[in-house]
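Beneath this line is the structure, given in C-alpha cells, with notes to follow.
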Amino acid sequence: MEIEIKEEFKKIVKEAVKNIYPKENVEILVESPNEKMRGDYSTNVAFIIGKNISKNPFEVATMLKTEIEKQKSKVKKIEIVNGFINFFVSEDYLQKQLPVILKEKDKFGNLNIGKKEKVNIEFISANPTGPLTLGNGRGGFCGDVLANVLEKAGYKVSREYYINDTGAQIKKLGHSVIGDEEAVYKGKYIDDLRKKVKGNNPEKVGEAAAKIILEKTIRPSIKKMGIKFDKWFSEKSLYKNKEVDKAINELTKKRFTYESEKAVWFKSKDLGDDKDRVLVRTDGIKTYFASDIAYLKNKFNRGFSKAIIFLGADHYGYIARLKAASHAMGFKKDDIDAIVMQLVRLFEKGKEVRMSKRTGIYVTIDELINEVGLDVARFFFLIIGPNTHLNFNLDLAKEKSEKNPVFKVQYAYARIHSILAKSKIKGQKSKANVKLLNHPAELELIKQLIRFPEIVEDVAKDYQVQRLPQYAMDLADSFHRFYESCKVILEDKELTKARLTIVFATKIVLKNTLDLMGVSAPEKMKLWNLK
C-alpha cells in the first residue's frame with residue numbers, strides 16, 4: 001500500500017528540520033489530534049528544537065512552516081497554534097485514497113514493519129485447576145486480538161498456552177478432589193471430578209483431575225471464545241527434558257546464583273529486580289520461577305526474537321524478575337514485553353455479580369458468552385485498556401439497540417449492505433469520478449478510512465488494543481453522519497457512483513477492523529429498520 005499519510009508528514013517535517021537546523025537530531029512525532037482545530041495531524045517538534053537552541057517555539061515553527069511549504073506534499077494548508085505545527089490534508093489526496101482501498105480490499109492496512117520477525121504471544125495460561133473466569137477472558141481476547149494486529153503488521157506470530165501441569169497447585173487440586181483437610185478448591189466442578197477421579201495420592205489425583213479440566217473445560221471454553229492456539233506447552237515437559245536443571249546450571253556457571261539457608265537463589269536484584277529470587281527451595285523442590293526461566297530459554301531457542309506475555313493483576317512483580325532472567329540467560333531485557341491485565345468486575349442492575357450458579361466460584365467466561373454473545377463479550381473486554389480496571393455492564397451488553405456500541409458498529413456494516421443492495425451493484429467495477437466527493441461529511445469519512453493503517457501500526461508498537469473498538473466506533477459514527485448528510489442513490493449517476501465508492505471503501509475498512517477484533521460483520525440486522 002502507499003505510505004501512510006502520517007509517515008509522509010514525518011518525512012516532510014524531518015526534511016524541513018534538516019534544511020534549517022541540520023545539527024538538531026530530534027525524533028519527529030506526528031499525531032492525530034482530538035481537536036479538529038488542531039488539524040488532521042500535528043507535531044510538537046518546534047518545542048523540542050526551541051528548547052535545545054533557546055528559541056521561542058513559535059519562531060521555530062514559523063521557519064519550519066515556510067520550509068515545509070516549499071516541498072511538494074499532500075498538505076492543503078499549515079497552521080501554527082501555540083507553537084504546534086498543524087497539517088490539513090488536501091482534498092485531492094483524500095479522494096485518491098478510495099481507489100487504493102478498493103484495490104487492496106482485505107489487504108488494506110497490511111504493513112511490513114514486522115519484517116516477518118517471529119513473535120511468541122503467551123496468554124490465558126490459567127492453571128488447569130478450574131473453569132476460565134472473566135479475568136481469563138479479558139486476557140484471552142486481548143492476546144488473540146494483539147496477535148491478529150501483529151500479523152497484519154507483518155510479524156510471524158505464534159499463539160501459545162502454557163499449561164501449569166505440575167507443582168503445588170496441582171497437588172492442591174488433588175487434595176480438593178480427595179476432600180481432605182488440605183482442600184482448597186470448591187464448587188460443583190470439584191464434586192463432579194470426585195466422581196471421576198479416585199485415589200488417595202494428592203499428586204496423582206491432581207494430575208488426573210487437571211487433565212480432565214484441561215480437556216473437558218478449558219479447551220472447549222477457548223474454542224467458544226473463538227481462539228486457536230498454535231501451541232499448548234506443558235510445564236511438565238521442562239522437567240522431563242531436564243530443561244529446568246540445565247537453566248539453573250547455566251545461571252550458576254555465569255555466577256548468577258548463590259546458596260543461602262540450604263536454598264539456591266537467583267541474583268535478580270543485581271539485574272533490576274527488587275530482591276533476589278529462590279530457584280530451589282530448602283527441601284530441594286524447584287520453584288515456579290525456575291520453570292519460568294527454563295520456559296523463557298525454550299522460547300528463544302525456538303527462534304522467537306520477541307516474547308509477549310499476558311499476566312494477571314497479581315503478577316505485576318513478575319515483570320522485573322523475568323527481564324532479569326532474560327538478561328542473565330544472554331538475551332535482551334527488551335526481548336520480553338509483559339502486559340498486566342487489571343481486574344474485571346461484572347455488574348447487573350447496579351450491583352456486582354460475583355458468584356457463578358454453575359461452579360460456585362466467580363462467573364465463568366462460558367456463562368458470560370452464553371448471556372451476551374461472543375461479539376459483545378469480545379468488544380466489551382477490548383474497549384478498556386488492559387492497565388485499567390474493567391466494570392462490565394451486563395445490562396448494556398444485553399441491550400440490542402444503538403446504546404450498545406457493538407450493535408451500533410455492526411449496524412453501520414448492515415446499513416452499508418442495505419445501500420449496496422438497493423444500488424443493485426455487486427462490485428465497484430466502473431471508475432468513479434472521485435473529484436465529485438467534496439462534501440465535509442464525505443471528506444471526514446475518508447479521513448477516518450485512511451486512519452486504519454495508522455491504528456494497526458500504533459497497536460503493533462504499544463499493544464494498546466483498545467484503539468480498535470474505539471476506531472470502529474469513530475468510523476461507524478462518521479459513516480452514519482455521511483449517510484444522514486449525503487444521499488447516496490441519486491438521479492445524478494456520476495455522483496451516485498462516486499458516493500458508492502465511499503460506501504464500498506467503508507465496507508472494506510469496517511470489515512477489516514471487525515476481523516482484527518474477532519467480531520462478526522452481519523450483512524443484515526433485524527434489530528432496526530434499515531432505510
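As shown in the C-alpha cells, the chain order sets the letters A, B, ...; within each chain, residues go from 1, and ligands are also counted from 1 in the order they appear.
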DSSP helix (DSSP H, G or I) residues within segment 173-234 of chain A, as a PyMOL selection string: chain A and resi 173-178+188-196+202-224
Residues from the last selection, C-alpha atoms, saved as a PDB file, in the first residue's frame:
```
ATOM      1  CA  LEU A 173      -6.286 -29.670  43.306  1.00  0.00           C
ATOM      2  CA  GLY A 174      -5.664 -33.280  44.272  1.00  0.00           C
ATOM      3  CA  HIS A 175      -6.371 -32.532  47.944  1.00  0.00           C
ATOM      4  CA  SER A 176      -9.557 -30.740  46.904  1.00  0.00           C
ATOM      5  CA  VAL A 177     -10.814 -33.667  44.840  1.00  0.00           C
ATOM      6  CA  ILE A 178      -9.949 -36.126  47.639  1.00  0.00           C
ATOM      7  CA  LYS A 188     -19.823 -28.225  41.644  1.00  0.00           C
ATOM      8  CA  TYR A 189     -16.962 -28.956  39.252  1.00  0.00           C
ATOM      9  CA  ILE A 190     -14.933 -30.384  42.166  1.00  0.00           C
ATOM     10  CA  ASP A 191     -17.904 -32.574  43.164  1.00  0.00           C
ATOM     11  CA  ASP A 192     -18.107 -33.827  39.572  1.00  0.00           C
ATOM     12  CA  LEU A 193     -14.362 -34.574  39.485  1.00  0.00           C
ATOM     13  CA  ARG A 194     -14.657 -36.520  42.724  1.00  0.00           C
ATOM     14  CA  LYS A 195     -16.973 -38.946  40.929  1.00  0.00           C
ATOM     15  CA  LYS A 196     -14.494 -39.428  38.072  1.00  0.00           C
ATOM     16  CA  PRO A 202      -2.895 -35.919  46.048  1.00  0.00           C
ATOM     17  CA  GLU A 203      -0.284 -35.518  43.313  1.00  0.00           C
ATOM     18  CA  LYS A 204      -1.640 -38.293  41.080  1.00  0.00           C
ATOM     19  CA  VAL A 205      -5.272 -37.339  41.730  1.00  0.00           C
ATOM     20  CA  GLY A 206      -4.428 -33.710  40.956  1.00  0.00           C
ATOM     21  CA  GLU A 207      -2.712 -34.620  37.685  1.00  0.00           C
ATOM     22  CA  ALA A 208      -5.679 -36.740  36.574  1.00  0.00           C
ATOM     23  CA  ALA A 209      -8.154 -34.025  37.558  1.00  0.00           C
ATOM     24  CA  ALA A 210      -6.109 -31.307  35.835  1.00  0.00           C
ATOM     25  CA  LYS A 211      -6.085 -33.315  32.618  1.00  0.00           C
ATOM     26  CA  ILE A 212      -9.874 -33.607  32.716  1.00  0.00           C
ATOM     27  CA  ILE A 213     -10.278 -29.886  33.414  1.00  0.00           C
ATOM     28  CA  LEU A 214      -7.934 -29.011  30.556  1.00  0.00           C
ATOM     29  CA  GLU A 215      -9.596 -31.289  28.007  1.00  0.00           C
ATOM     30  CA  LYS A 216     -13.234 -31.042  29.072  1.00  0.00           C
ATOM     31  CA  THR A 217     -13.452 -27.462  30.361  1.00  0.00           C
ATOM     32  CA  ILE A 218     -10.601 -25.165  29.328  1.00  0.00           C
ATOM     33  CA  ARG A 219     -10.137 -26.259  25.708  1.00  0.00           C
ATOM     34  CA  PRO A 220     -13.910 -26.089  24.949  1.00  0.00           C
ATOM     35  CA  SER A 221     -14.080 -22.653  26.605  1.00  0.00           C
ATOM     36  CA  ILE A 222     -11.226 -21.357  24.462  1.00  0.00           C
ATOM     37  CA  LYS A 223     -12.929 -22.697  21.354  1.00  0.00           C
ATOM     38  CA  LYS A 224     -16.103 -20.915  22.461  1.00  0.00           C
TER      39      LYS A 224
END
```
For segment 258-274 of chain A, work out the shell of residues within 10 Å, counting only C-alpha atoms and skipping chain neighbours fewer than 6 positions away, then give it as a PyMOL selection string. chain A and resi 248+251-252+280-286+289-290+317-328+333
Within segment 53-192 of chain A, find each residue whose DSSP state, derived from the backbone, is strand (DSSP E or B), and express the selection as an mmCIF file with N, CA, C and O atoms, in the first residue's frame.
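Just written: out13.cif:
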```
data_model
loop_
_atom_site.group_PDB
_atom_site.id
_atom_site.type_symbol
_atom_site.label_atom_id
_atom_site.label_comp_id
_atom_site.auth_asym_id
_atom_site.auth_seq_id
_atom_site.Cartn_x
_atom_site.Cartn_y
_atom_site.Cartn_z
ATOM 1 N N VAL A 75 -0.222 18.308 1.667
ATOM 2 C CA VAL A 75 -0.759 19.260 2.634
ATOM 3 C C VAL A 75 -1.638 20.293 1.934
ATOM 4 O O VAL A 75 -1.234 20.902 0.938
ATOM 5 N N LYS A 76 -2.839 20.480 2.474
ATOM 6 C CA LYS A 76 -3.732 21.520 1.959
ATOM 7 C C LYS A 76 -3.330 22.868 2.531
ATOM 8 O O LYS A 76 -3.230 23.869 1.814
ATOM 9 N N LYS A 77 -3.114 22.885 3.842
ATOM 10 C CA LYS A 77 -2.651 24.108 4.496
ATOM 11 C C LYS A 77 -1.954 23.749 5.805
ATOM 12 O O LYS A 77 -2.116 22.648 6.334
ATOM 13 N N ILE A 78 -1.154 24.682 6.293
ATOM 14 C CA ILE A 78 -0.432 24.501 7.549
ATOM 15 C C ILE A 78 -0.751 25.685 8.448
ATOM 16 O O ILE A 78 -0.742 26.833 8.007
ATOM 17 N N GLU A 79 -1.051 25.390 9.691
ATOM 18 C CA GLU A 79 -1.315 26.443 10.665
ATOM 19 C C GLU A 79 -0.407 26.254 11.875
ATOM 20 O O GLU A 79 -0.051 25.126 12.218
ATOM 21 N N ILE A 80 -0.072 27.361 12.507
ATOM 22 C CA ILE A 80 0.699 27.315 13.746
ATOM 23 C C ILE A 80 -0.197 27.797 14.875
ATOM 24 O O ILE A 80 -0.720 28.912 14.832
ATOM 25 N N VAL A 81 -0.387 26.936 15.870
ATOM 26 C CA VAL A 81 -1.223 27.284 17.018
ATOM 27 C C VAL A 81 -0.433 26.970 18.287
ATOM 28 O O VAL A 81 -0.110 25.806 18.556
ATOM 29 N N PHE A 84 2.494 24.643 18.010
ATOM 30 C CA PHE A 84 2.264 23.377 17.304
ATOM 31 C C PHE A 84 2.123 23.653 15.809
ATOM 32 O O PHE A 84 1.499 24.639 15.401
ATOM 33 N N ILE A 85 2.686 22.767 15.002
ATOM 34 C CA ILE A 85 2.513 22.860 13.547
ATOM 35 C C ILE A 85 1.405 21.888 13.165
ATOM 36 O O ILE A 85 1.536 20.676 13.340
ATOM 37 N N ASN A 86 0.314 22.426 12.651
ATOM 38 C CA ASN A 86 -0.871 21.631 12.340
ATOM 39 C C ASN A 86 -1.052 21.502 10.833
ATOM 40 O O ASN A 86 -0.991 22.501 10.102
ATOM 41 N N PHE A 87 -1.266 20.274 10.377
ATOM 42 C CA PHE A 87 -1.423 19.990 8.956
ATOM 43 C C PHE A 87 -2.883 19.659 8.623
ATOM 44 O O PHE A 87 -3.549 18.950 9.370
ATOM 45 N N PHE A 88 -3.332 20.139 7.495
ATOM 46 C CA PHE A 88 -4.652 19.792 6.978
ATOM 47 C C PHE A 88 -4.440 19.072 5.638
ATOM 48 O O PHE A 88 -3.792 19.612 4.740
ATOM 49 N N VAL A 89 -4.971 17.867 5.531
ATOM 50 C CA VAL A 89 -4.748 17.038 4.341
ATOM 51 C C VAL A 89 -5.523 17.594 3.156
ATOM 52 O O VAL A 89 -6.685 18.021 3.300
ATOM 53 N N LYS A 118 9.754 -13.274 14.191
ATOM 54 C CA LYS A 118 8.983 -14.280 14.924
ATOM 55 C C LYS A 118 8.676 -13.793 16.337
ATOM 56 O O LYS A 118 9.581 -13.488 17.106
ATOM 57 N N VAL A 119 7.374 -13.740 16.647
ATOM 58 C CA VAL A 119 6.919 -13.256 17.951
ATOM 59 C C VAL A 119 6.076 -14.333 18.614
ATOM 60 O O VAL A 119 5.190 -14.923 17.991
ATOM 61 N N ASN A 120 6.365 -14.588 19.884
ATOM 62 C CA ASN A 120 5.583 -15.544 20.670
ATOM 63 C C ASN A 120 4.679 -14.765 21.617
ATOM 64 O O ASN A 120 5.143 -13.915 22.370
ATOM 65 N N ILE A 121 3.380 -15.029 21.547
ATOM 66 C CA ILE A 121 2.438 -14.393 22.467
ATOM 67 C C ILE A 121 1.827 -15.474 23.348
ATOM 68 O O ILE A 121 1.112 -16.353 22.869
ATOM 69 N N GLU A 122 2.136 -15.394 24.619
ATOM 70 C CA GLU A 122 1.578 -16.349 25.583
ATOM 71 C C GLU A 122 0.481 -15.654 26.368
ATOM 72 O O GLU A 122 0.713 -14.595 26.967
ATOM 73 N N THR A 133 -12.304 -17.898 34.094
ATOM 74 C CA THR A 133 -13.123 -16.824 34.662
ATOM 75 C C THR A 133 -13.125 -15.599 33.757
ATOM 76 O O THR A 133 -12.526 -15.602 32.672
ATOM 77 N N LYS A 156 5.472 -12.596 12.195
ATOM 78 C CA LYS A 156 5.108 -14.010 12.182
ATOM 79 C C LYS A 156 4.810 -14.400 13.624
ATOM 80 O O LYS A 156 5.709 -14.490 14.456
ATOM 81 N N VAL A 157 3.541 -14.626 13.922
ATOM 82 C CA VAL A 157 3.085 -14.741 15.306
ATOM 83 C C VAL A 157 2.689 -16.172 15.655
ATOM 84 O O VAL A 157 2.071 -16.875 14.854
ATOM 85 N N SER A 158 3.050 -16.572 16.866
ATOM 86 C CA SER A 158 2.632 -17.872 17.386
ATOM 87 C C SER A 158 1.890 -17.640 18.701
ATOM 88 O O SER A 158 2.421 -17.031 19.630
ATOM 89 N N ARG A 159 0.644 -18.126 18.764
ATOM 90 C CA ARG A 159 -0.154 -18.032 19.987
ATOM 91 C C ARG A 159 0.133 -19.263 20.850
ATOM 92 O O ARG A 159 0.044 -20.385 20.356
ATOM 93 N N GLU A 160 0.426 -19.031 22.124
ATOM 94 C CA GLU A 160 0.847 -20.143 22.970
ATOM 95 C C GLU A 160 0.137 -20.128 24.328
ATOM 96 O O GLU A 160 -0.063 -19.064 24.925
ATOM 97 N N TYR A 161 -0.217 -21.318 24.788
ATOM 98 C CA TYR A 161 -0.827 -21.520 26.107
ATOM 99 C C TYR A 161 0.129 -22.360 26.937
ATOM 100 O O TYR A 161 0.485 -23.468 26.550
ATOM 101 N N TYR A 162 0.542 -21.826 28.077
ATOM 102 C CA TYR A 162 1.471 -22.523 28.980
ATOM 103 C C TYR A 162 0.651 -23.255 30.035
ATOM 104 O O TYR A 162 -0.059 -22.646 30.825
ATOM 105 N N ILE A 163 0.759 -24.578 30.037
ATOM 106 C CA ILE A 163 -0.030 -25.406 30.951
ATOM 107 C C ILE A 163 0.771 -25.690 32.215
ATOM 108 O O ILE A 163 1.775 -26.401 32.188
#
```
Residues at most 6 Å from segment 409-423 of chain A, counting only C-alpha atoms, excluding those fewer than 3 positions away in the same chain, as a VMD selection string? chain A and resid 406 473 476 522 to 524
Written selection (all heavy atoms) as an mmCIF file, in the first residue's frame:
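Writing done, so here's selection27.cif:
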```cif
data_model
loop_
_atom_site.group_PDB
_atom_site.id
_atom_site.type_symbol
_atom_site.label_atom_id
_atom_site.label_comp_id
_atom_site.auth_asym_id
_atom_site.auth_seq_id
_atom_site.Cartn_x
_atom_site.Cartn_y
_atom_site.Cartn_z
ATOM 1 N N VAL A 406 -21.442 -2.163 20.332
ATOM 2 C CA VAL A 406 -21.212 -3.270 19.393
ATOM 3 C C VAL A 406 -22.257 -3.252 18.284
ATOM 4 O O VAL A 406 -21.946 -3.328 17.097
ATOM 5 C CB VAL A 406 -21.257 -4.632 20.118
ATOM 6 C CG1 VAL A 406 -20.827 -5.740 19.165
ATOM 7 C CG2 VAL A 406 -20.393 -4.616 21.356
ATOM 8 N N MET A 473 -15.888 2.483 16.432
ATOM 9 C CA MET A 473 -16.998 3.380 16.788
ATOM 10 C C MET A 473 -16.877 4.714 16.058
ATOM 11 O O MET A 473 -17.874 5.264 15.577
ATOM 12 C CB MET A 473 -17.039 3.585 18.299
ATOM 13 C CG MET A 473 -17.467 2.349 19.072
ATOM 14 S SD MET A 473 -17.710 2.631 20.847
ATOM 15 C CE MET A 473 -16.011 2.792 21.401
ATOM 16 N N ALA A 476 -17.850 4.099 12.435
ATOM 17 C CA ALA A 476 -19.301 3.916 12.321
ATOM 18 C C ALA A 476 -20.027 5.252 12.452
ATOM 19 O O ALA A 476 -20.961 5.543 11.689
ATOM 20 C CB ALA A 476 -19.796 2.934 13.379
ATOM 21 N N PRO A 522 -22.264 -8.582 10.371
ATOM 22 C CA PRO A 522 -23.540 -9.054 9.802
ATOM 23 C C PRO A 522 -23.995 -8.217 8.616
ATOM 24 O O PRO A 522 -23.902 -6.993 8.635
ATOM 25 C CB PRO A 522 -24.507 -8.915 10.983
ATOM 26 C CG PRO A 522 -23.936 -7.814 11.804
ATOM 27 C CD PRO A 522 -22.450 -7.944 11.680
ATOM 28 N N GLU A 523 -24.454 -8.892 7.590
ATOM 29 C CA GLU A 523 -24.944 -8.177 6.414
ATOM 30 C C GLU A 523 -26.380 -7.710 6.613
ATOM 31 O O GLU A 523 -26.837 -6.782 5.936
ATOM 32 C CB GLU A 523 -24.852 -9.080 5.184
ATOM 33 C CG GLU A 523 -23.416 -9.455 4.833
ATOM 34 C CD GLU A 523 -23.316 -10.271 3.569
ATOM 35 O OE1 GLU A 523 -24.378 -10.504 2.928
ATOM 36 O OE2 GLU A 523 -22.201 -10.672 3.202
ATOM 37 N N LYS A 524 -27.078 -8.349 7.546
ATOM 38 C CA LYS A 524 -28.448 -7.948 7.858
ATOM 39 C C LYS A 524 -28.631 -7.933 9.364
ATOM 40 O O LYS A 524 -28.051 -8.734 10.083
ATOM 41 C CB LYS A 524 -29.454 -8.913 7.232
ATOM 42 C CG LYS A 524 -29.488 -8.894 5.710
ATOM 43 C CD LYS A 524 -30.549 -9.850 5.186
ATOM 44 C CE LYS A 524 -30.603 -9.831 3.653
ATOM 45 N NZ LYS A 524 -31.636 -10.770 3.132
#
```
Given only C-alpha atoms as the counted atoms, nearest of A:Leu98, A:Leu490, A:Ile12, A:Leu390 to Leu134 of chain A: A:Leu390
Can you work out which one of A:Ile365, A:Cys486, A:Ala432, A:Val344 has the shortest atom-to-atom distance to Asn393 of chain A, counting only C-alpha atoms? A:Val344
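Considering the residues A:Ala294, A:Asn44, A:Glu69, A:Leu475 and counting only C-alpha atoms, Pro57 of chain A has its shortest atom-to-atom contact with A:Asn44.
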Using only C-alpha atoms, the residue out of A:Ile28, A:Arg255, A:Lys107, A:Phe123 with shortest distance to Val340 of chain A is A:Phe123
What is the atom CA of Ile450 of chain A to atom CA of Lys6 of chain A distance in Å?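 Between these atoms lies a distance of 9.9 Å.
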At a cut-off of 7 Å, using only C-alpha atoms, what residues contact segment 141-144 of chain A? Leave out same-chain residues fewer than 2 positions from it and give the result as a PDB file with C-alpha atoms, in the first residue's frame.
```pdb
ATOM      1  CA  PHE A 123      -1.820 -15.580  27.053  1.00  0.00           C
ATOM      2  CA  GLY A 137     -11.456 -13.990  29.231  1.00  0.00           C
ATOM      3  CA  ARG A 138     -10.094 -10.474  29.212  1.00  0.00           C
ATOM      4  CA  GLY A 139      -6.516 -11.630  28.754  1.00  0.00           C
ATOM      5  CA  LEU A 146      -2.963  -8.376  19.561  1.00  0.00           C
ATOM      6  CA  ALA A 147      -1.803 -11.463  17.664  1.00  0.00           C
ATOM      7  CA  ASN A 148      -4.158 -10.528  14.804  1.00  0.00           C
ATOM      8  CA  ILE A 227      -9.346 -18.525  19.940  1.00  0.00           C
ATOM      9  CA  ARG A 378     -15.080  -9.535  22.835  1.00  0.00           C
ATOM     10  CA  LEU A 382     -11.388  -4.834  24.374  1.00  0.00           C
ATOM     11  CA  VAL A 465      -5.716  -2.961  21.591  1.00  0.00           C
TER      12      VAL A 465
END
```
